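Colleague: Structure in C-alpha cells, see below.
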Amino acid sequence: MPAERILTRNVGRPDSTTLAAYEANGGYQALRKAVGSMTPDGLTEEVKKSGLRGRGGAGFPTGLKWSFMPKEVDPKRPHYFLINADESEPGTFKDRLLMEQDPHLVLEGTLLGAYAIRASVAYIYIRGEFVHGAAVLERAIAEATAKRYAGKNVLGGGWSCELVVHRGAGAYICGEETALMSSLEGDRGYPRLKPPFPAASGVWKCPTTINNVETVANIPFIVERGAAWFSSVGKPPKNTGPKLYCLSGHVKRPGVYEAPLGLPMRELIEELGGGMLHTDRPLKAVIPGGSSVPVLRADECDLDLDFDSLMAKGTMLGSAGIMVMDSSVCMVAAMARIAHFYHHESCGQCTPCREGCGWLERILNRIETGLGLPSDLDLLLSVSDNIMGNTICALGDAAAMPTISFVKKFEEEFRHHIEHKTCLTGTLAMQGVR
Amino acid sequence: MIFDAAFESAVDAIVAKYPQPKAAVLPVLWEVQKRMGFIDTAAEAWVAQRLGVAPAHVHGCVTFYTMYKQRPSGRYHVQVCTTLSCMLRGSDELVTHLERRLGVPVGGTTPDGKFSLVRVECLGSCDTAPMFQLNDDYHENLTLEKVDRLLESLS
Amino acid sequence: MPRVTIDGFEMDVAPGTTILQACLQRGHEIPHYCYHDGLSIAGNCRMCLVDVEKQPKLVIGCYTPVAEGMVVHTENDKVKNARSAMMEFFLINHPLDCPICDQAGECRLQDYAVTHGTGKSRYTEPKLALAKAVDIGPHVTLDQERCIQCSRCIRFCDEVTKTGELGFFDRGERSQIGIFPGRSLDNAYSGNVVDLCPVGALTLKEFRFQTRVWYLRNTSTICAGCARGCNVVVGVGQQPTLMTTSGQLDDRIKRIVPRVNADVNDWWICDEGRLSYLREQGATRLVPAMPYDAAVAKAGAILAAAARAGTLGAILSPRLVCEDVFAWKTALEAFGGGPMRVHPLRRGEDDGLLIRADKGANSTGAGWILGQSFGATAPFKARTLLVVGDTLDPADTFVPEPGSAAEIVYVGPFVTPASRAAAVSIPSASWSEADGTFVSFEGRAQRVRRCHLPLGQDARPGWRIALDVLHAAKLDAPAWTSADDVLAAIAAKVPELEGVTPAAMGLLGVPARGTVGA
C-alpha cells in the first residue's frame with residue numbers, strides 16, 4: 001500500500017497554488033492553532049519532540065536549532081527567520097516542487113517557524129534561476145497577507161510577520177547558511193567564521209535561524225497532528241517524518257517521491273523509479289545525497305535512505321538527491337564533471353578550496369582525456385585530504401569527499417584511463433566538452 | 001536613461017524591505033538588469049551611490065553572481081545545464097547540437113544578436129534532464145527534435 | 001584569566017586573547033598572512049591552523065580565543081603537514097616572479113616556503129594567468145597573479161581610510177583584487193597597502209626596481225612631514241655602485257616605511273610622509289659660495305654688528321631638530337640677543353587619522369625652547385635676519401617680506417629664495433643627515449637619527465655651525481661635541497624637556513613633561 005502523501009498531498013491537484021485550494025484542504029489551521037493556543041516555546045518543544053531533522057543536507061535537529069534563539073526579543077536586535085530556498089545541490093529538486101506547486105504549505109511552515117523563534121519578518125532566499133518559483137511565492141504571499149495569515153497582526157493574535165522573497169543571482173555557495181546571510185546583507189556570498197553562530201549573531205548581527213524549505217513544510221503537520229504522530233513516521237527515534245526523495249539519472253521515472261524516512265534504496269529505484277532506464281545496462285553506482293557525498297557502488301546499495309543508515313555506510317543522506325548511474329557511465333568522466341561543479345562554485349575566500357578545487361578538476365580532466373600519470377591517483381587523494389577539514393565552510397569537503405570515494409571505489413577504471421588511455425566502459429570519454 | 005522617477009520609486013520600495021540599504025544591492029541589480037538587459041559600470045556606480053556603498057563593492061557583487069550580465073546577451077539566452085544528472089541524460093550532445101544549429105560556440109552570441117549559448121551548473125530540474133533555461137523559462141525533457149522545433153518557432 | 005597550555009608551556013592570558021596572540025606574547029609567531037593587528041580578522045589564508053586537543057579539526061589560531069584548560073600544539077606533525085599543504089596550495093598558481101619582484105627578501109611566501117614548505121611542487125598543470133603591472137593609483141601597482149587573496153588591502157581601505165577603493169572581483173580561483181573601472185587608489189594613505197601586502201602583489205611605484213631590500217641599510221627615525229612624528233624606518237641604498245641601474249651614486253634614501261608605535265601612528269604613515277625623501281632629493285642643495293671658515297666668520301661679523309645695533313632677529317623653521325634650535329638660541333643670546341620666532345608652517349586640515357595641518361615636525365619642541373606657544377609669535381621687523389632651515393613647501397618659501405630685512409644670514413640644506421637673497425649662506429645637514437630630537441604635537445620627544453652622510457657639499461649639523469659661528473666671533477661657546485651633548489644641555493635648561501635623553505627616548509620616544517598627562 002503506497003505511503004500516505006503528506007508533504008505532497010496538494011501536488012497535482014487543480015489550482016494547488018491558490019489560497020482557496022489550500023484552505024479547502026485544511027490549510028492554515030495549524031497556524032490558527034499555534035497563534036491561538038500555543039506559545040512560541042511550546043511550539044519549539046513540539047518540534048523537538050517530533051524528532052524532525054533539517055532537510056537541507058546537514059540533518060541538524062530542527063527543534064534544537066530553534067531553541068538556540070533568545071527567549072526574549074531585545075528591541076535593538078530583532079529576530080530573523082530565513083528560509084533557504086537556494087536549492088543548488090546537484091541532484092536536488094524537491095524544494096522547487098513544493099514552492100511551485102504548494103507555495104502556501106511553504107508559507108504556513110515559514111510563519112510557524114517565525115512564530116516559534118519570535119521573528120517578525122522572514123526572508124525567503126530563493127535561487128535566482130527559480131524565476132517561476134519566486135513569482136508563485138510572491139502571488140501566494142499577497143494572498144496570505146490579504147487574508148491576515150501574514151503581515152500585520154496575524155489572525156488578530158497580535159503577532160506580526162512580514163514575508164519577503166529575496167532572489168539570489170547564481171551562486172551555489174549561497175546555500176551555505178552563513179554565505180546566505182552574507183548575500184542577504186548585500187555582499188558577495190562569502191561564508192563566515194563560526195562562532196558566532198546565527199542564533200547569537202546572524203544577519204545584521206541579530207539572532208537568526210535558517211531552515212530549508214522542506215524542513216519548514218513539515219511544521220504544519222507537526223502542529224496539526226502532534227509530535228507523537230510525526231515521530232512514529234519513518235524510523236524512530238532519530239530518523240522521523242516523511243521525506244521527499246529526488247531520483248534522477250538512469251532510471252525510467254526520475255522525479256520527486258515522498259515516503260517515510262528510511263525508504264529502502266532498492267524500492268526507490270526499482271519500484272517507484274521504474275527500474276533502470278535501459279534493461280541491458282545494470283546499476284553501477286549511486287550518489288545518494290546530492291553530489292557532495294561519497295558514492296556507493298551497486299553492491300553497496302542495499303540500504304535504507306535515512307540519515308543514520310547512510311552515515312553508517314560512510315556516506316550521507318544530504319539533500320536526498322539520488323543520482324543513479326548505469327554501466328555505461330565512465331566514472332572518471334562523472335567525477336571530472338562533479339569536480340568542475342565545485343571548481344566553478346567555490347567562492348574563493350579560503351586557500352585550500354580556492355586553489356585545490358581547480359587542481360582536482362585539472363588532474364581529473366587529464367586522466368579523462370588520456371593524459372594521466374600513475375602518480376595522479378595518490379595526488380588526487382592527497383590534495384583532497386589537504387582540503388578536507390581546513391576550510392571555512394563545507395564546500396571544500398564537498399569537493400574532497402566524492403573525489404576520495406570515486407578514486408577508491410572505482411580505482412580500476414581510473415588506472416585503466418591512465419595506463420591505457422582509453423575507457424573501460426567503451427563510451428567516448430574524451431568528449432573535450434569543457 | 002533607465003534611472004527615471006519610476007525606477008527610483010521601485011528602488012525605494014525595495015530598500016524599504018530591509019533594515020539596511022546595502023541589503024538591497026542584489027534586488028536592485030536585478031531591477032537594473034530587467035530594464036537594461038545587462039549591468040554596466042555606470043549603472044553600478046549609480047547603485048553604489050544610491051545605496052551608500054563603494055562602487056567596488058557593487059562591481060564585486062556583479063562579478064561574483066553568475067546571473068548578472070556585464071554585456072548584453074542574445075535576445076534568447078540559452079543556458080544549458082551540464083551538471084552530472086543532465087550529463088547522464090545527454091546534456092553534452094545537446095550542447096554540441098546547439099552549437100552546430102546556432103553556429104556559435106559556447107559563450108558566443110549569433111551575429112544577428114538573437115541567440116546566445118552558455119553552459120550552466122545544476123538548475124534543479126534533474127528529473128526532466130536534459131534541459132535548459134531560455135531567458136527565464138525552463139525547457140525540460142528535451143530531445144534534439146524538440147529543440148529544433150523550439151528554435152524554429154523563435155527564429 | 002584562562003590558563004592555557006601551548007606546546008607544553010602553561011600561561012595565563014586575558015580572556016578573549018586568541019591563540020595566535022597568546023603565542024606572540026611568548027615571542028612565538030605562528031605563520032600567517034591575512035591576520036593583522038590593525039585590521040579585522042578574515043581567517044581566510046588558513047596558514048595559522050593549529051591543533052587544539054579534543055577538537056575534531058585543526059582550528060585557525062588568529063580567530064580562536066583561548067579557553068580555560070585548552071591544550072594547543074603548534075608544532076606537531078598534524079600542524080606541520082597542514083602548513084606545508086597550505087604552502088603548496090598558495091604556490092600552485094603563484095607566478096615564479098621572484099627574480100623581478102620587489103618583495104623578494106621580505107616576502108612571506110618566500111619565508112614560509114623555506115620554513116614550512118615541502119621544497120618541491122607536485123603541480124604540473126597550467127597556471128592561472130591574470131593581469132600584471134596594473135596601474136591602480138598614483139603610487140601603487142597591482143599584480144593580480146601574485147595576489148594570495150588575503151584581503152588585507154581591502155580591509156585597510158574599508159576600515160582605516162574608509163574609502164573602499166579596492167574589492168574582490170570574480171569568484172573562486174579567478175578571484176582578483178581590483179579597483180572600480182575609472183577610479184584610482186588615491187587616498188592619502190594608499191602606500192600602506194604595499195606594506196600590508198605579504199607578497200609582491202601591491203608594490204610602490206617609487207620603489208619599483210630601485211634596489212633589492214637586502215641592500216638597504218635601515219635606520220629607525222622619525223618622519224619630518226608634519227607634527228605627528230610618525231615612526232619610520234628609512235632604507236638607504238648601499239648597493240655596489242657598479243650595479244646601480246639609475247646611474248645615481250648610492251647612499252641615498254630608497255624608501256621610507258612606517259614603524260609600529262601604538263602611541264603615535266600605530267602601523268601606518270601617510271603617502272606624503274612616505275615619499276617626503278623625494279622632495280628632499282629633488283630640491284637643490286645649497287652649495288657654499290666661499291670656504292666654510294670664511295663663511296662662519298662673515299656670518300659672525302654680521303650677527304655681532306646687528307646685535308650691537310639692536311637690529312637682529314631670527315626666524316627658525318619648525319622642521320629643525322631641538323638641538324639646532326637650542327644652539328641658535330644660545331648663539332643669539334651670546335651675540336646680545338634679539339627677537340626669535342618659529343615660522344608657522346600650516347597646510348590643509350587635521351584629517352582625524354594621522355595627518356596634521358601643522359607641517360612643522362618640531363614646532364612644539366622649537367616653541368618650548370624659545371619659550372613660545374605655537375602660533376602666538378608676533379611678526380617682528382628686523383634689519384638683519386638669521387634664517388635657519390627649510391620648509392620644503394613650494395607654497396611656503398619661508399621668505400621674509402620684501403623690504404623687511406636688509407640683510408640675511410641663511411643656514412639651511414637647500415637653495416631657497418632666502419638663501420639667494422642672503423649675504424652669506426651656509427649649507428647644513430638635512431633631516432636625514434644628522435641626529436636630533438623632534439617633539440610631536442602631543443609632546444612626545446622622539447629621536448631623529450642620521451640615515452646617511454650629507455649629500456650636500458660641506459653640509460654640517462646646524463648646531464655645529466652655530467658653535468662655529470660663535471667661535472669665529474671669538475665668543476664663549478659651549479663645549480658640545482655631539483648632538484647628545486646638546487640634548488643634555490637642553491634637558492638642563494628647558495623645563496618641558498627635563499629628563500629627556502637618547503636612552504629615555506629609545507626607539508618609541510617618551511612623553512615629555514610638557515605633555516598633558518605626562
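The way I read the labels, and the way they are meant: chains A, B, ... in the order of the C-alpha cells, residue 1 as the first residue of every chain, and ligand 1 as the first ligand shown, with later ones counted on from there.
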Give the residues of chain B that lie within 6 Å of chain A; count only C-alpha atoms, and format the answer as a list of chain:residue names.
Modeller: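 Filtering chain B at 6 Å from chain A with only C-alpha atoms gives B:Lys22, B:Ala23, B:Val25, B:Cys61, B:Tyr65, B:Thr66, B:Met67, B:Ser85, B:Leu88, B:Cys122, B:Gly124, B:Ser125, B:Cys126, B:Asp127.
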Colleague: Using only C-alpha atoms, determine which residues of chain C fall within 7 Å of chain B; present them as a PyMOL selection string.
Modeller: chain C and resi 164-171+179-180
Colleague: Produce a table with one row for each residue of chain A that has an atom at most 10 Å from any atom of chain C, each row naming the nearest atom pair and its distance in Å at one decimal; use only C-alpha atoms; arrange rows by chain and rising residue number; format as CSV.
Modeller:
```
residue,atom,partner,partner_atom,distance
A:Ala171,CA,C:Arg171,CA,9.6
A:Arg188,CA,C:Phe168,CA,8.8
A:Gly189,CA,C:Arg171,CA,9.6
A:Arg192,CA,C:Ala42,CA,8.9
A:Leu193,CA,C:Gly43,CA,7.3
A:Lys194,CA,C:Tyr63,CA,9.4
A:Pro195,CA,C:Thr64,CA,9.0
A:Tyr342,CA,C:Gly172,CA,9.3
A:His343,CA,C:Gly172,CA,7.1
A:His344,CA,C:Gly172,CA,6.9
A:Glu345,CA,C:Gly172,CA,6.8
A:Ser346,CA,C:Gly172,CA,4.7
A:Cys347,CA,C:Gly172,CA,4.5
A:Gly348,CA,C:Gly172,CA,3.5
A:Gln349,CA,C:Asn44,CA,5.9
A:Cys350,CA,C:Asn44,CA,4.4
A:Thr351,CA,C:Cys45,CA,5.5
A:Pro352,CA,C:Phe89,CA,6.1
A:Cys353,CA,C:Gly172,CA,8.3
A:Arg354,CA,C:Glu173,CA,5.0
A:Glu355,CA,C:Phe89,CA,5.7
A:Gly356,CA,C:Phe89,CA,6.5
A:Cys357,CA,C:Glu173,CA,8.3
A:Gly358,CA,C:Glu173,CA,6.9
A:Trp359,CA,C:Glu125,CA,7.7
A:Arg362,CA,C:Glu125,CA,6.9
A:Ile363,CA,C:Glu125,CA,7.8
A:Arg366,CA,C:Glu125,CA,9.2
A:Ser375,CA,C:Arg122,CA,9.8
A:Asp376,CA,C:Arg122,CA,9.8
A:Leu379,CA,C:Arg122,CA,8.1
A:Ser382,CA,C:Ala85,CA,9.2
A:Val383,CA,C:Ala85,CA,8.2
A:Asp385,CA,C:Ala85,CA,9.4
A:Asn386,CA,C:Ala85,CA,5.9
A:Ile387,CA,C:Ala85,CA,8.4
A:Met388,CA,C:Lys57,CA,9.2
A:Gly389,CA,C:Lys57,CA,5.8
A:Asn390,CA,C:Leu58,CA,6.9
A:Thr391,CA,C:Arg46,CA,7.3
A:Ile392,CA,C:Asn44,CA,7.2
```
Colleague: Report as a PyMOL selection string: the residues of region 7-129 of chain B with a DSSP assignment of helix (DSSP H, G or I), based on the backbone of this structure.
Modeller: chain B and resi 7-15+21-36+41-51+55-64+84-88+91-102+126-128
Colleague: Would you please work out which residue, of A:Lys421, A:Lys284, A:Lys48, A:Arg32, is nearest to Lys409 (chain A) when using only C-alpha atoms?
Modeller: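 Using only C-alpha atoms, Lys409 (chain A) sits closest to A:Lys284.
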Colleague: Mind giving me the straight-line distance from CA of Gly509 (chain C) to CA of Val233 (chain C) in Å, one decimal?
Modeller: 14.3 Å
Colleague: Name the residues in contact with Arg9 (chain A) at a cut-off of 10 Å, using only C-alpha atoms, excluding same-chain residues fewer than 6 positions from it; report them as a list of chain:residue names.
Modeller: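 Counting only C-alpha atoms, the residues come to A:Ser16, A:Asn25, A:Asp102, A:Glu258.
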Colleague: Quick one: write out the picked residues with C-alpha atoms as a short mmCIF file (atom, residue, chain, number, x, y, z; two decimals), in the first residue's frame?
Modeller:
```cif
data_model
loop_
_atom_site.label_atom_id
_atom_site.label_comp_id
_atom_site.auth_asym_id
_atom_site.auth_seq_id
_atom_site.Cartn_x
_atom_site.Cartn_y
_atom_site.Cartn_z
CA SER A 16 -2.91 23.79 -5.94
CA ASN A 25 -7.75 21.16 2.03
CA ASP A 102 2.18 24.11 -2.94
CA GLU A 258 7.53 11.01 -0.99
#
```
Colleague: Any idea what's packed within 8 Å of Phe414 (chain C), counting only C-alpha atoms, ignoring anything in its chain fewer than 6 positions away? Could you give it as a list of chain:residue names?
Modeller: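 After dropping sequence-adjacent residues, the list is C:Ala283, C:Thr284, C:Arg285, C:Leu286, C:Asp390, C:Pro427.
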Colleague: Write the selection just made, keeping C-alpha atoms, as a compact mmCIF listing (two decimals), in the first residue's frame?
Modeller:
```txt
# COMPACT_ATOMS: atom_id res chain seq x y z
CA ALA C 283 65.48 70.05 -4.09
CA THR C 284 68.71 71.77 -5.00
CA ARG C 285 71.34 71.53 -2.28
CA LEU C 286 72.93 74.73 -1.12
CA ASP C 390 63.73 74.98 5.25
CA PRO C 427 74.84 74.68 3.89
```
